[in-house]
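Reading through the structure tokens given below for one structure.
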Amino acid sequence: MNPTATEDDRDTSIGAAADRLLRAHADNTPCAPVRDLITSAEAAYAVQNRLTERWLADGRRLTGRKIGLTSPAVQSQLGVTTPDFGMLYADMAVPDGSEIPPGAVQQARVEAEVALVLDADLDNDRHTVADLLRATAFALPAIEVCGSRIQDWDITLADTVADNASSGLYVLGNRPVALDRLDLRLAGMVMERRGEQISTGTGAACLGHPLNAALWLADTLARVGRPLRAGDTVLTGALGPMVPAAPGDVLEARIDGLGDVRVAFAPEEA
């Protein structure tokens with residue numbers, strides 16, 4: 001076998017997958033899965049990195065990372081044993097209580113999470129809980145508005161990783177809380193849609209503790225050369241089931257010790 005030909009084929013497949021997802025972004029129309037072009041997590045992250053470089057070159061500003069696949073049930077569904085990650089950009093941030101216009105996120109789904117905001121870099125090869133505690137300025141309640149460029153959310157690990165971990169938008173609460181005032185493992189979460197309870201959970205649902213997820217992310221990003229930096233926001237992963245969002249929905253999440261965060265989805269235009 002010709003190694004050069006194999007490398008060329010891999011690069012062609014990565015480029016084709018990236019182009020398919022970029023078209024889905026640009027056209028605001030979901031596309032076919034990309035697992036016909038890439039199958040490994042390594043190749044999927046190469047696609048994600050290609051998209052990241054393209055968007056940074058286009059002027060988007062990186063503001064942090066999101067962690068996905070922190071639920072054992074979802075990991076089992078996709079046949080994986082570790083979380084995944086995606087990039088957060090400034091244009092993905094939505095103010096608390098704001099209304100998201102129709103079509104802003106493809107196939108929107110929402111989940112409540114703990115967000116950490118850093119005031120120090122995390123660039124060691126391996127981090128401790130103490131490193132993370134010292135580096136974290138405060139925590140906030142968050143709603144992640146997930147979205148998939150893959151039609152009908154027909155995803156495998158390769159599809160979601162390549163598609164920036166199925167990212168969409170994110171909403172942060174406005175009352176920062178220091179970690180020494182919280183027990184994130186036992187923190188309960190309730191999400192409601194116009195007063196109707198639609199998702200519940202606790203911090204323990206996120207890899208046993210949201211800080212476990214953040215440690216995994218810090219170590220992983222340091223290894224791949226994109227370490228977390230002071231000022232970054234980290235969405236640590238879902239505390240309860242992800243639920244679909246529809247035009248006209250008003251969603252509010254409350255997390256013990258952190259308070260609440262709210263987002264609305266504008267009705268479809270007549």
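Every chain in the structure tokens has a letter given in the order shown (A, B, ...), and although residue numbers restart at 1 in each chain, ligands are simply numbered from 1 in the order shown.
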Write out, as a Markdown table, each residue of region 83-198 of chain A that has an atom at most 6 Å from region 251-265 of chain A, together with the closest pair of atoms and their distance in Å to one decimal, counting only C-alpha atoms, rows going by chain and rising number.
```
| residue | atom | partner | partner_atom | distance |
| --- | --- | --- | --- | --- |
| A:Asp96 | CA | A:Arg262 | CA | 5.7 |
| A:Gly97 | CA | A:Val263 | CA | 4.7 |
| A:Ser98 | CA | A:Val263 | CA | 5.6 |
| A:Glu99 | CA | A:Ala264 | CA | 4.5 |
| A:Ile100 | CA | A:Phe265 | CA | 4.8 |
| A:Pro141 | CA | A:Leu258 | CA | 5.8 |
| A:Gly173 | CA | A:Val261 | CA | 4.9 |
| A:Ala187 | CA | A:Asp256 | CA | 5.0 |
| A:Gly188 | CA | A:Asp256 | CA | 5.4 |
| A:Met189 | CA | A:Ile255 | CA | 4.4 |
| A:Val190 | CA | A:Arg254 | CA | 5.4 |
| A:Met191 | CA | A:Ala253 | CA | 4.2 |
| A:Glu192 | CA | A:Glu252 | CA | 5.4 |
| A:Arg193 | CA | A:Leu251 | CA | 4.6 |
```
If you count only C-alpha atoms, the residue of A:Glu113, A:Glu196, A:Asp58, A:Asp219 closest to Val129 (chain A) turns out to be A:Asp219
Using CA of Trp216 (chain A) and CA of Arg181 (chain A) as the two end points, give the distance in Å to one decimal.
22.6 Å
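Near Asp19 (chain A), within 12 Å and counting only C-alpha atoms, sit Thr12, Ser13, Ile14, Gly15, Ala16, Leu22, Arg23, Ala24, His25, Ala26, Asp27, Cys31, Val34, Leu37, Val47, Gln48, Arg50, Leu51, Arg54, Ala162 and Asp163 of chain A, not including residues fewer than 3 positions from it in the same chain.
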What residues in region 75-138 of chain A get the DSSP label alpha helix (DSSP H)? Please answer as a ChimeraX atom specification.
/A:75-78,129-135
So, counting only C-alpha atoms, which residue among A:Ala246, A:Ala104, A:Leu228, A:Leu21 is closest to Tyr170 (chain A)?
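Using only C-alpha atoms, Tyr170 (chain A) sits closest to A:Ala104.
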Give me, as a VMD selection string, all polymer residues having an atom no more than 6 Å from region 88-95 of chain A, counting only C-alpha atoms and skipping those fewer than 5 positions away in the same chain.
chain A and resid 61 to 65 169 to 171
With N, CA and C atoms kept, could you save the residues just selected as a compact mmCIF listing (two decimals), in the first residue's frame?
```
# COMPACT_ATOMS: atom_id res chain seq x y z
N ARG A 61 -14.73 34.92 17.00
CA ARG A 61 -13.88 34.96 18.19
C ARG A 61 -14.19 33.79 19.10
N LEU A 62 -13.15 33.04 19.44
CA LEU A 62 -13.30 31.88 20.31
C LEU A 62 -13.48 32.36 21.75
N THR A 63 -14.53 31.87 22.43
CA THR A 63 -14.81 32.29 23.81
C THR A 63 -14.78 31.13 24.80
N GLY A 64 -14.59 29.91 24.33
CA GLY A 64 -14.55 28.78 25.25
C GLY A 64 -14.82 27.47 24.55
N ARG A 65 -15.24 26.49 25.34
CA ARG A 65 -15.51 25.14 24.82
C ARG A 65 -16.78 24.60 25.45
N LEU A 169 -26.19 27.53 20.16
CA LEU A 169 -26.04 28.76 20.92
C LEU A 169 -25.92 28.42 22.40
N TYR A 170 -25.60 29.43 23.22
CA TYR A 170 -25.60 29.18 24.66
C TYR A 170 -26.01 30.43 25.41
N VAL A 171 -26.66 30.21 26.55
CA VAL A 171 -27.19 31.29 27.37
C VAL A 171 -26.61 31.14 28.77
```
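A straight line drawn from CA of Leu211 (chain A) to CA of Leu133 (chain A) is 8.8 Å long.
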Surrounding residues of Ala238 (chain A) excluding itself and chain neighbours under 6 positions, 8 Å, only C-alpha atoms, as a list in words
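After dropping sequence-adjacent residues, the list is Gly68, Thr70, Ser71, Glu111, Ala112, Glu113, Val114, Ala205 and Cys206 of chain A.
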When you look at Asp131 (chain A) with a cut-off of 10 Å (counting only C-alpha atoms), what residues show up, excluding the ones that are within fewer than 6 positions of it in the same chain? I need them as a VMD selection string.
chain A and resid 120 to 122 124 215
I'd like the neighbourhood of region 40-42 of chain A as a ChimeraX atom specification, where a residue qualifies if any of its atoms comes within 9 Å (using only C-alpha atoms), though same-chain residues fewer than 2 positions away should be ignored.
/A:35,38,44-47,157-158,161-162
C-alpha atoms of the current selection, written as a CSV table (one decimal), in the first residue's frame:
```csv
chain,number,residue,atom,x,y,z
A,35,ARG,CA,-19.8,9.1,8.4
A,38,ILE,CA,-14.9,9.7,8.0
A,44,ALA,CA,-13.8,13.8,13.0
A,45,TYR,CA,-11.7,16.1,15.2
A,46,ALA,CA,-9.6,16.9,12.1
A,47,VAL,CA,-12.8,18.0,10.4
A,157,LEU,CA,-19.7,9.9,17.2
A,158,ALA,CA,-17.9,10.9,14.0
A,161,VAL,CA,-17.6,15.6,16.7
A,162,ALA,CA,-17.1,16.8,13.1
```
DSSP strand (DSSP E) residues within region 79-220 of chain A, listed as a PyMOL selection string
chain A and resi 84-89+93-94+99-100+109-118+136-146+169-172+188-193+196-202
My list of candidates is A:Val110, A:Leu78, A:Ala17, A:Ala214. Which is closest to Val250 (chain A) when distances are computed with only C-alpha atoms?
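That would be A:Val110, the residue with the smallest distance to Val250 (chain A).
Of the residues under consideration (A:Asn164, A:Thr233, A:Thr39, A:Gln107), A:Gln107 shows the shortest atom-to-atom contact distance to Ser148 (chain A) when counting only C-alpha atoms.
Distances to Arg175 (chain A) were evaluated for A:Trp55, A:Ala213, A:Ala139, A:Arg10 using only C-alpha atoms, and the minimum falls at A:Ala139.
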How many Å lie between CA of Trp153 (chain A) and CA of Leu116 (chain A), rounded to one decimal?
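Value for the CA of Trp153 (chain A)-CA of Leu116 (chain A) distance: 27.5 Å.
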Between A:Leu235, A:Ala18, A:Leu184, A:Val243, which one has atoms that come closest to Val117 (chain A), using only C-alpha atoms?
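Distance minimum relative to Val117 (chain A) lands on A:Leu235.
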